[in-house]
file coords_29.pdb (PDB, C-alpha atoms, pLDDT in the B column)
ATOM      1  CA  MET A 820    -105.128  32.103 -53.716  1.00 84.00           C
ATOM      2  CA  LEU A 821    -101.753  30.433 -54.185  1.00 84.00           C
ATOM      3  CA  ALA A 822    -103.378  26.988 -54.035  1.00 85.00           C
ATOM      4  CA  ILE A 823    -105.847  27.954 -56.771  1.00 84.00           C
ATOM      5  CA  LEU A 824    -103.045  29.202 -59.033  1.00 81.00           C
ATOM      6  CA  ALA A 825    -101.046  26.030 -58.389  1.00 79.00           C
ATOM      7  CA  ALA A 826    -104.081  23.869 -59.205  1.00 81.00           C
ATOM      8  CA  LEU A 827    -104.598  25.754 -62.469  1.00 81.00           C
ATOM      9  CA  ALA A 828    -100.919  25.487 -63.441  1.00 80.00           C
ATOM     10  CA  TYR A 829    -100.534  21.762 -62.631  1.00 80.00           C
ATOM     11  CA  PRO A 830    -101.992  20.383 -65.922  1.00 81.00           C
ATOM     12  CA  SER A 831     -99.715  22.693 -67.923  1.00 82.00           C
ATOM     13  CA  TRP A 832     -96.752  21.552 -65.836  1.00 83.00           C
ATOM     14  CA  GLN A 833     -97.636  17.899 -66.528  1.00 85.00           C
ATOM     15  CA  ARG A 834     -97.851  18.549 -70.283  1.00 88.00           C
ATOM     16  CA  LEU A 835     -94.504  20.338 -70.210  1.00 90.00           C
ATOM     17  CA  GLN A 836     -92.921  17.431 -68.332  1.00 91.00           C
ATOM     18  CA  ALA A 837     -94.420  14.903 -70.755  1.00 91.00           C
ATOM     19  CA  ARG A 838     -93.186  16.920 -73.747  1.00 92.00           C
ATOM     20  CA  GLN A 839     -89.678  17.040 -72.278  1.00 93.00           C
ATOM     21  CA  GLN A 840     -89.679  13.283 -71.586  1.00 94.00           C
ATOM     22  CA  VAL A 841     -90.830  12.529 -75.136  1.00 94.00           C
ATOM     23  CA  MET A 842     -88.196  14.816 -76.649  1.00 94.00           C
ATOM     24  CA  LEU A 843     -85.451  13.317 -74.495  1.00 94.00           C
ATOM     25  CA  ALA A 844     -86.438   9.727 -75.297  1.00 94.00           C
ATOM     26  CA  ALA A 845     -86.744  10.490 -79.028  1.00 95.00           C
ATOM     27  CA  ASP A 846     -83.341  12.195 -79.049  1.00 95.00           C
ATOM     28  CA  ARG A 847     -81.763   9.254 -77.207  1.00 95.00           C
ATOM     29  CA  LEU A 848     -83.319   6.826 -79.688  1.00 95.00           C
ATOM     30  CA  ALA A 849     -82.109   8.901 -82.648  1.00 94.00           C
ATOM     31  CA  GLY A 850     -78.626   8.977 -81.134  1.00 94.00           C
ATOM     32  CA  SER A 851     -78.706   5.213 -80.618  1.00 94.00           C
ATOM     33  CA  LEU A 852     -79.770   4.629 -84.219  1.00 93.00           C
ATOM     34  CA  ALA A 853     -76.953   6.893 -85.438  1.00 93.00           C
ATOM     35  CA  LEU A 854     -74.490   5.036 -83.184  1.00 94.00           C
ATOM     36  CA  ALA A 855     -75.744   1.697 -84.500  1.00 92.00           C
ATOM     37  CA  ARG A 856     -75.240   2.821 -88.083  1.00 92.00           C
ATOM     38  CA  ALA A 857     -71.796   4.332 -87.451  1.00 93.00           C
ATOM     39  CA  SER A 858     -70.643   1.301 -85.441  1.00 93.00           C
ATOM     40  CA  ALA A 859     -71.846  -1.101 -88.116  1.00 92.00           C
ATOM     41  CA  VAL A 860     -69.932   0.756 -90.805  1.00 92.00           C
ATOM     42  CA  ALA A 861     -66.783   1.283 -88.711  1.00 92.00           C
ATOM     43  CA  ARG A 862     -66.601  -2.320 -87.484  1.00 91.00           C
ATOM     44  CA  ARG A 863     -67.918  -3.852 -90.697  1.00 91.00           C
ATOM     45  CA  ALA A 864     -70.329  -5.933 -88.646  1.00 92.00           C
ATOM     46  CA  LYS A 865     -74.076  -6.130 -88.086  1.00 91.00           C
ATOM     47  CA  VAL A 866     -75.367  -4.156 -85.108  1.00 92.00           C
ATOM     48  CA  ILE A 867     -78.633  -5.035 -83.367  1.00 92.00           C
ATOM     49  CA  LEU A 868     -80.941  -2.609 -81.549  1.00 91.00           C
ATOM     50  CA  ALA A 869     -83.239  -4.663 -79.302  1.00 91.00           C
ATOM     51  CA  PRO A 870     -85.345  -4.247 -76.153  1.00 93.00           C
ATOM     52  CA  LEU A 871     -83.592  -4.732 -72.827  1.00 93.00           C
ATOM     53  CA  PRO A 872     -83.279  -8.362 -71.693  1.00 92.00           C
ATOM     54  CA  GLY A 873     -86.617  -9.636 -70.399  1.00 92.00           C
ATOM     55  CA  ALA A 874     -88.624  -6.933 -72.185  1.00 91.00           C
ATOM     56  CA  SER A 875     -90.644  -7.300 -75.363  1.00 89.00           C
ATOM     57  CA  THR A 876     -90.935  -3.571 -76.178  1.00 91.00           C
ATOM     58  CA  LEU A 877     -88.645  -0.559 -76.248  1.00 93.00           C
ATOM     59  CA  ASP A 878     -90.717   1.285 -73.588  1.00 93.00           C
ATOM     60  CA  GLY A 879     -88.167   0.683 -70.811  1.00 93.00           C
ATOM     61  CA  GLY A 880     -85.103   1.115 -72.993  1.00 94.00           C
ATOM     62  CA  TRP A 881     -82.915  -0.781 -75.432  1.00 95.00           C
ATOM     63  CA  ARG A 882     -79.427  -2.038 -76.027  1.00 95.00           C
ATOM     64  CA  LEU A 883     -77.050  -2.043 -78.965  1.00 95.00           C
ATOM     65  CA  THR A 884     -74.964  -5.135 -79.569  1.00 94.00           C
ATOM     66  CA  LEU A 885     -72.839  -6.599 -82.283  1.00 93.00           C
ATOM     67  CA  GLU A 886     -74.472  -9.594 -83.901  1.00 87.00           C
ATOM     68  CA  PRO A 887     -73.188 -12.753 -82.198  1.00 81.00           C
ATOM     69  CA  GLY A 888     -70.573 -14.526 -84.248  1.00 72.00           C
ATOM     70  CA  SER A 889     -69.476 -11.441 -86.182  1.00 64.00           C
ATOM     71  CA  ALA A 890     -65.749 -10.888 -86.559  1.00 54.00           C
ATOM     72  CA  SER A 891     -65.839  -7.859 -84.227  1.00 55.00           C
ATOM     73  CA  ASP A 892     -67.885  -9.639 -81.522  1.00 47.00           C
ATOM     74  CA  GLN A 893     -65.724 -10.654 -78.571  1.00 53.00           C
ATOM     75  CA  GLY A 894     -68.034 -11.755 -75.740  1.00 50.00           C
ATOM     76  CA  ASP A 895     -69.004  -8.770 -73.574  1.00 51.00           C
ATOM     77  CA  ALA A 896     -67.148  -6.505 -76.015  1.00 61.00           C
ATOM     78  CA  GLY A 897     -70.163  -7.069 -78.297  1.00 86.00           C
ATOM     79  CA  LEU A 898     -72.265  -4.786 -76.081  1.00 90.00           C
ATOM     80  CA  LEU A 899     -72.061  -1.264 -77.497  1.00 92.00           C
ATOM     81  CA  ALA A 900     -74.615   0.660 -75.420  1.00 93.00           C
ATOM     82  CA  VAL A 901     -77.504   0.285 -72.992  1.00 94.00           C
ATOM     83  CA  VAL A 902     -80.195   2.963 -72.701  1.00 94.00           C
ATOM     84  CA  GLU A 903     -82.673   2.736 -69.830  1.00 94.00           C
ATOM     85  CA  LEU A 904     -85.800   4.898 -69.725  1.00 92.00           C
ATOM     86  CA  ARG A 905     -87.270   5.410 -66.288  1.00 87.00           C
ATOM     87  CA  ASP A 906     -90.476   7.336 -67.018  1.00 86.00           C
ATOM     88  CA  ALA A 907     -93.466   5.010 -66.655  1.00 86.00           C
ATOM     89  CA  CYS A 908     -95.650   6.976 -69.078  1.00 90.00           C
ATOM     90  CA  LEU A 909     -93.285   6.579 -72.059  1.00 93.00           C
ATOM     91  CA  ARG A 910     -94.424   4.282 -74.856  1.00 94.00           C
ATOM     92  CA  ILE A 911     -92.337   3.539 -77.917  1.00 92.00           C
ATOM     93  CA  ALA A 912     -94.136   1.854 -80.785  1.00 88.00           C
ATOM     94  CA  LEU A 913     -92.312   0.526 -83.820  1.00 85.00           C
ATOM     95  CA  ARG A 914     -94.264   0.444 -87.071  1.00 83.00           C
ATOM     96  CA  SER A 915     -92.237  -1.057 -89.879  1.00 75.00           C
ATOM     97  CA  THR A 916     -92.311  -3.055 -93.067  1.00 63.00           C
ATOM     98  CA  GLU A 917     -91.857  -6.106 -90.815  1.00 62.00           C
ATOM     99  CA  GLN A 918     -94.751  -6.442 -88.395  1.00 67.00           C
ATOM    100  CA  GLY A 919     -94.465  -7.729 -84.829  1.00 66.00           C
ATOM    101  CA  SER A 920     -90.760  -7.168 -84.250  1.00 73.00           C
ATOM    102  CA  ASN A 921     -89.075  -4.672 -81.935  1.00 81.00           C
ATOM    103  CA  THR A 922     -85.592  -5.604 -83.114  1.00 84.00           C
ATOM    104  CA  LEU A 923     -83.648  -3.730 -85.757  1.00 86.00           C
ATOM    105  CA  ARG A 924     -80.420  -4.675 -87.531  1.00 87.00           C
ATOM    106  CA  MET A 925     -77.908  -2.384 -89.212  1.00 89.00           C
ATOM    107  CA  THR A 926     -75.730  -4.012 -91.843  1.00 89.00           C
ATOM    108  CA  ALA A 927     -72.011  -3.415 -92.287  1.00 88.00           C
ATOM    109  CA  VAL A 928     -72.800  -0.750 -94.881  1.00 88.00           C
ATOM    110  CA  GLY A 929     -75.240   1.062 -92.560  1.00 87.00           C
ATOM    111  CA  TYR A 930     -78.556  -0.115 -94.042  1.00 86.00           C
ATOM    112  CA  SER A 931     -81.419  -1.177 -91.795  1.00 85.00           C
ATOM    113  CA  ARG A 932     -82.598  -4.738 -92.329  1.00 78.00           C
ATOM    114  CA  SER A 933     -85.478  -6.904 -91.139  1.00 68.00           C
ATOM    115  CA  GLU A 934     -85.141 -10.310 -89.497  1.00 66.00           C
ATOM    116  CA  GLN A 935     -85.641 -11.883 -92.950  1.00 66.00           C
ATOM    117  CA  GLY A 936     -82.862  -9.767 -94.470  1.00 66.00           C
ATOM    118  CA  GLY A 937     -84.947  -7.342 -96.555  1.00 68.00           C
ATOM    119  CA  PHE A 938     -84.742  -3.557 -96.350  1.00 73.00           C
ATOM    120  CA  LEU A 939     -86.500  -2.169 -93.307  1.00 76.00           C
ATOM    121  CA  ALA A 940     -88.176   1.242 -93.243  1.00 81.00           C
ATOM    122  CA  ALA A 941     -89.606   2.068 -89.829  1.00 86.00           C
ATOM    123  CA  THR A 942     -91.373   4.734 -87.816  1.00 89.00           C
ATOM    124  CA  PHE A 943     -90.774   4.870 -84.068  1.00 91.00           C
ATOM    125  CA  THR A 944     -93.551   6.709 -82.230  1.00 93.00           C
ATOM    126  CA  VAL A 945     -92.658   8.010 -78.763  1.00 95.00           C
ATOM    127  CA  THR A 946     -95.649   9.057 -76.635  1.00 94.00           C
ATOM    128  CA  CYS A 947     -96.359  10.180 -73.077  1.00 94.00           C
ATOM    129  CA  ARG A 948     -99.649  11.680 -71.828  1.00 90.00           C
ATOM    130  CA  GLY A 949    -100.754  12.753 -75.295  1.00 89.00           C
ATOM    131  CA  GLU A 950     -97.401  14.273 -76.316  1.00 92.00           C
ATOM    132  CA  GLN A 951     -95.804  12.616 -79.323  1.00 93.00           C
ATOM    133  CA  ARG A 952     -92.658  12.607 -81.439  1.00 94.00           C
ATOM    134  CA  GLN A 953     -91.751  10.358 -84.355  1.00 93.00           C
ATOM    135  CA  LEU A 954     -88.481   9.023 -85.713  1.00 92.00           C
ATOM    136  CA  ARG A 955     -88.488   7.908 -89.306  1.00 90.00           C
ATOM    137  CA  LEU A 956     -85.802   5.418 -90.244  1.00 89.00           C
ATOM    138  CA  GLY A 957     -85.195   4.991 -93.944  1.00 85.00           C
ATOM    139  CA  ALA A 958     -84.031   1.737 -95.499  1.00 79.00           C
ATOM    140  CA  HIS A 959     -80.576   3.278 -95.918  1.00 82.00           C
ATOM    141  CA  GLY A 960     -80.281   3.906 -92.161  1.00 83.00           C
ATOM    142  CA  ARG A 961     -80.939   7.634 -92.089  1.00 85.00           C
ATOM    143  CA  VAL A 962     -83.070   9.053 -89.272  1.00 88.00           C
ATOM    144  CA  ARG A 963     -85.510  11.966 -89.378  1.00 90.00           C
ATOM    145  CA  LEU A 964     -87.327  13.394 -86.348  1.00 91.00           C
ATOM    146  CA  CYS A 965     -90.751  15.023 -86.641  1.00 91.00           C
ATOM    147  CA  THR A 966     -93.571  16.204 -84.404  1.00 88.00           C
ATOM    148  CA  PRO A 967     -97.199  15.521 -85.394  1.00 86.00           C
ATOM    149  CA  GLY A 968     -99.234  18.698 -85.587  1.00 83.00           C
ATOM    150  CA  GLN A 969     -96.126  20.816 -86.196  1.00 84.00           C
ATOM    151  CA  ASP A 970     -94.527  19.117 -89.199  1.00 83.00           C
ATOM    152  CA  ALA A 971     -96.832  18.875 -92.197  1.00 79.00           C
ATOM    153  CA  ASP A 972     -95.619  15.463 -93.378  1.00 75.00           C
ATOM    154  CA  CYS A 973     -95.693  13.845 -89.919  1.00 79.00           C
ATOM    155  CA  ASP A 974     -98.451  11.333 -89.060  1.00 69.00           C
ATOM    156  CA  GLY A 975    -100.953  11.948 -86.283  1.00 56.00           C
ATOM    157  CA  LEU A 976    -101.373   9.779 -83.206  1.00 47.00           C
ATOM    158  CA  ALA A 977    -100.803   6.183 -84.251  1.00 45.00           C
ATOM    159  CA  GLN A 978    -102.649   4.832 -81.251  1.00 42.00           C
ATOM    160  CA  SER A 979    -104.876   6.171 -78.558  1.00 37.00           C
ATOM    161  CA  GLU A 980    -103.309   6.522 -75.156  1.00 38.00           C
ATOM    162  CA  PRO A 981    -104.940   7.049 -71.783  1.00 36.00           C
ATOM    163  CA  PRO A 982    -104.293  10.476 -70.231  1.00 33.00           C
TER
END
call {"tool": "encode", "arguments": {"input": "coords_29.pdb", "output": "structure tokens"}}
result
Amino acid sequence: MLAILAALAYPSWQRLQARQQVMLAADRLAGSLALARASAVARRAKVILAPLPGASTLDGGWRLTLEPGSASDQGDAGLLAVVELRDACLRIALRSTEQGSNTLRMTAVGYSRSEQGGFLAATFTVTCRGEQRQLRLGAHGRVRLCTPGQDADCDGLAQSEPP
């Protein structure tokens, strides 16, 4: 009887775990974006949010650094933060006005910019086993979190994901 109850509860437990992982990763990303903006303004230097070295996506984590050559950059002192994500199911997609890049820059006044220097508005979509959360980054560097299906103005699944 106990085994049957456990078997019935397992899918719900997996969904709960996935939801918690998505919320944690989205909150960490929102915190990193806020830190990037605040650091850029405080140091009057460009701050870069980029995938970890050797990675092409933000799925495994990211790092915040001062742009090389900026007045505040002093070798290893240019590294502001490193965030590592250890859950294999997490996927972080970046949809922005600049296609194909997973790097984001914050200017000294706190605005997000593309590699070409134009304003960058972006949506980060964090998913795991069908659970999803979005971060909307405005061109002026402000972040908004939303959950598809709960928030009326939040997009649905941007991509299909295997269970």
call {"tool": "closest_residue", "arguments": {"input": "coords_29.pdb", "among": "A:Arg856, A:Arg905, A:Arg838, A:Arg882", "to": "Ala958 (chain A)", "atoms": "only C-alpha atoms"}}
result
A:Arg856
call {"tool": "atom_distance", "arguments": {"input": "coords_29.pdb", "atom1": "CA of Ala864 (chain A)", "atom2": "CA of Thr926 (chain A)"}}
result
6.6 Å
call {"tool": "closest_residue", "arguments": {"input": "coords_29.pdb", "among": "A:Leu835, A:Leu852, A:Ala845, A:Val902", "to": "Gln953 (chain A)", "atoms": "all atoms listed in the file"}}
result
A:Ala845
call {"tool": "atom_distance", "arguments": {"input": "coords_29.pdb", "atom1": "CA of Cys908 (chain A)", "atom2": "CA of Arg963 (chain A)"}}
result
23.2 Å
call {"tool": "atom_distance", "arguments": {"input": "coords_29.pdb", "atom1": "CA of Gln840 (chain A)", "atom2": "CA of Gly880 (chain A)"}}
result
13.1 Å
call {"tool": "closest_residue", "arguments": {"input": "coords_29.pdb", "among": "A:Leu827, A:Ala941, A:Leu885, A:Leu899", "to": "Ser920 (chain A)", "atoms": "only C-alpha atoms"}}
result
A:Ala941
call {"tool": "build_atoms", "arguments": {"input": "coords_29.pdb", "residues": "region 947-970 of chain A", "atoms": "N, CA and C atoms", "output": "PDB file, keeping the file's coordinate frame"}}
result
ATOM      1  N   CYS A 947     -96.200  10.063 -74.528  1.00 94.00           N
ATOM      2  CA  CYS A 947     -96.359  10.180 -73.077  1.00 94.00           C
ATOM      3  C   CYS A 947     -97.457  11.206 -72.825  1.00 94.00           C
ATOM      4  N   ARG A 948     -98.532  10.791 -72.190  1.00 90.00           N
ATOM      5  CA  ARG A 948     -99.649  11.680 -71.828  1.00 90.00           C
ATOM      6  C   ARG A 948    -100.104  12.581 -72.981  1.00 90.00           C
ATOM      7  N   GLY A 949    -100.252  11.998 -74.155  1.00 89.00           N
ATOM      8  CA  GLY A 949    -100.754  12.753 -75.295  1.00 89.00           C
ATOM      9  C   GLY A 949     -99.698  13.491 -76.099  1.00 89.00           C
ATOM     10  N   GLU A 950     -98.498  13.654 -75.566  1.00 92.00           N
ATOM     11  CA  GLU A 950     -97.401  14.273 -76.316  1.00 92.00           C
ATOM     12  C   GLU A 950     -96.782  13.207 -77.205  1.00 92.00           C
ATOM     13  N   GLN A 951     -96.311  13.601 -78.376  1.00 93.00           N
ATOM     14  CA  GLN A 951     -95.804  12.616 -79.323  1.00 93.00           C
ATOM     15  C   GLN A 951     -94.671  13.176 -80.166  1.00 93.00           C
ATOM     16  N   ARG A 952     -93.754  12.296 -80.519  1.00 94.00           N
ATOM     17  CA  ARG A 952     -92.658  12.607 -81.439  1.00 94.00           C
ATOM     18  C   ARG A 952     -92.388  11.347 -82.243  1.00 94.00           C
ATOM     19  N   GLN A 953     -92.016  11.509 -83.492  1.00 93.00           N
ATOM     20  CA  GLN A 953     -91.751  10.358 -84.355  1.00 93.00           C
ATOM     21  C   GLN A 953     -90.329  10.391 -84.890  1.00 93.00           C
ATOM     22  N   LEU A 954     -89.765   9.193 -85.050  1.00 92.00           N
ATOM     23  CA  LEU A 954     -88.481   9.023 -85.713  1.00 92.00           C
ATOM     24  C   LEU A 954     -88.743   8.170 -86.930  1.00 92.00           C
ATOM     25  N   ARG A 955     -88.327   8.664 -88.065  1.00 90.00           N
ATOM     26  CA  ARG A 955     -88.488   7.908 -89.306  1.00 90.00           C
ATOM     27  C   ARG A 955     -87.130   7.377 -89.714  1.00 90.00           C
ATOM     28  N   LEU A 956     -87.041   6.071 -89.836  1.00 89.00           N
ATOM     29  CA  LEU A 956     -85.802   5.418 -90.244  1.00 89.00           C
ATOM     30  C   LEU A 956     -85.971   4.919 -91.664  1.00 89.00           C
ATOM     31  N   GLY A 957     -85.150   5.435 -92.556  1.00 85.00           N
ATOM     32  CA  GLY A 957     -85.195   4.991 -93.944  1.00 85.00           C
ATOM     33  C   GLY A 957     -84.444   3.685 -94.116  1.00 85.00           C
ATOM     34  N   ALA A 958     -84.681   3.026 -95.224  1.00 79.00           N
ATOM     35  CA  ALA A 958     -84.031   1.737 -95.499  1.00 79.00           C
ATOM     36  C   ALA A 958     -82.514   1.865 -95.574  1.00 79.00           C
ATOM     37  N   HIS A 959     -82.013   3.078 -95.838  1.00 82.00           N
ATOM     38  CA  HIS A 959     -80.576   3.278 -95.918  1.00 82.00           C
ATOM     39  C   HIS A 959     -79.981   3.711 -94.584  1.00 82.00           C
ATOM     40  N   GLY A 960     -80.787   3.649 -93.501  1.00 83.00           N
ATOM     41  CA  GLY A 960     -80.281   3.906 -92.161  1.00 83.00           C
ATOM     42  C   GLY A 960     -80.318   5.344 -91.702  1.00 83.00           C
ATOM     43  N   ARG A 961     -80.884   6.226 -92.490  1.00 85.00           N
ATOM     44  CA  ARG A 961     -80.939   7.634 -92.089  1.00 85.00           C
ATOM     45  C   ARG A 961     -82.174   7.892 -91.231  1.00 85.00           C
ATOM     46  N   VAL A 962     -82.006   8.765 -90.233  1.00 88.00           N
ATOM     47  CA  VAL A 962     -83.070   9.053 -89.272  1.00 88.00           C
ATOM     48  C   VAL A 962     -83.563  10.475 -89.450  1.00 88.00           C
ATOM     49  N   ARG A 963     -84.882  10.645 -89.330  1.00 90.00           N
ATOM     50  CA  ARG A 963     -85.510  11.966 -89.378  1.00 90.00           C
ATOM     51  C   ARG A 963     -86.485  12.068 -88.220  1.00 90.00           C
ATOM     52  N   LEU A 964     -86.408  13.144 -87.456  1.00 91.00           N
ATOM     53  CA  LEU A 964     -87.327  13.394 -86.348  1.00 91.00           C
ATOM     54  C   LEU A 964     -88.429  14.338 -86.804  1.00 91.00           C
ATOM     55  N   CYS A 965     -89.661  14.099 -86.339  1.00 91.00           N
ATOM     56  CA  CYS A 965     -90.751  15.023 -86.641  1.00 91.00           C
ATOM     57  C   CYS A 965     -91.759  15.013 -85.499  1.00 91.00           C
ATOM     58  N   THR A 966     -92.547  16.063 -85.435  1.00 88.00           N
ATOM     59  CA  THR A 966     -93.571  16.204 -84.404  1.00 88.00           C
ATOM     60  C   THR A 966     -94.929  16.353 -85.072  1.00 88.00           C
ATOM     61  N   PRO A 967     -95.854  15.404 -84.821  1.00 86.00           N
ATOM     62  CA  PRO A 967     -97.199  15.521 -85.394  1.00 86.00           C
ATOM     63  C   PRO A 967     -97.868  16.821 -84.954  1.00 86.00           C
ATOM     64  N   GLY A 968     -98.569  17.443 -85.889  1.00 83.00           N
ATOM     65  CA  GLY A 968     -99.234  18.698 -85.587  1.00 83.00           C
ATOM     66  C   GLY A 968     -98.356  19.909 -85.853  1.00 83.00           C
ATOM     67  N   GLN A 969     -97.043  19.715 -85.904  1.00 84.00           N
ATOM     68  CA  GLN A 969     -96.126  20.816 -86.196  1.00 84.00           C
ATOM     69  C   GLN A 969     -95.489  20.649 -87.574  1.00 84.00           C
ATOM     70  N   ASP A 970     -95.139  19.407 -87.903  1.00 83.00           N
ATOM     71  CA  ASP A 970     -94.527  19.117 -89.199  1.00 83.00           C
ATOM     72  C   ASP A 970     -95.602  18.580 -90.129  1.00 83.00           C
TER      73      ASP A 970
END
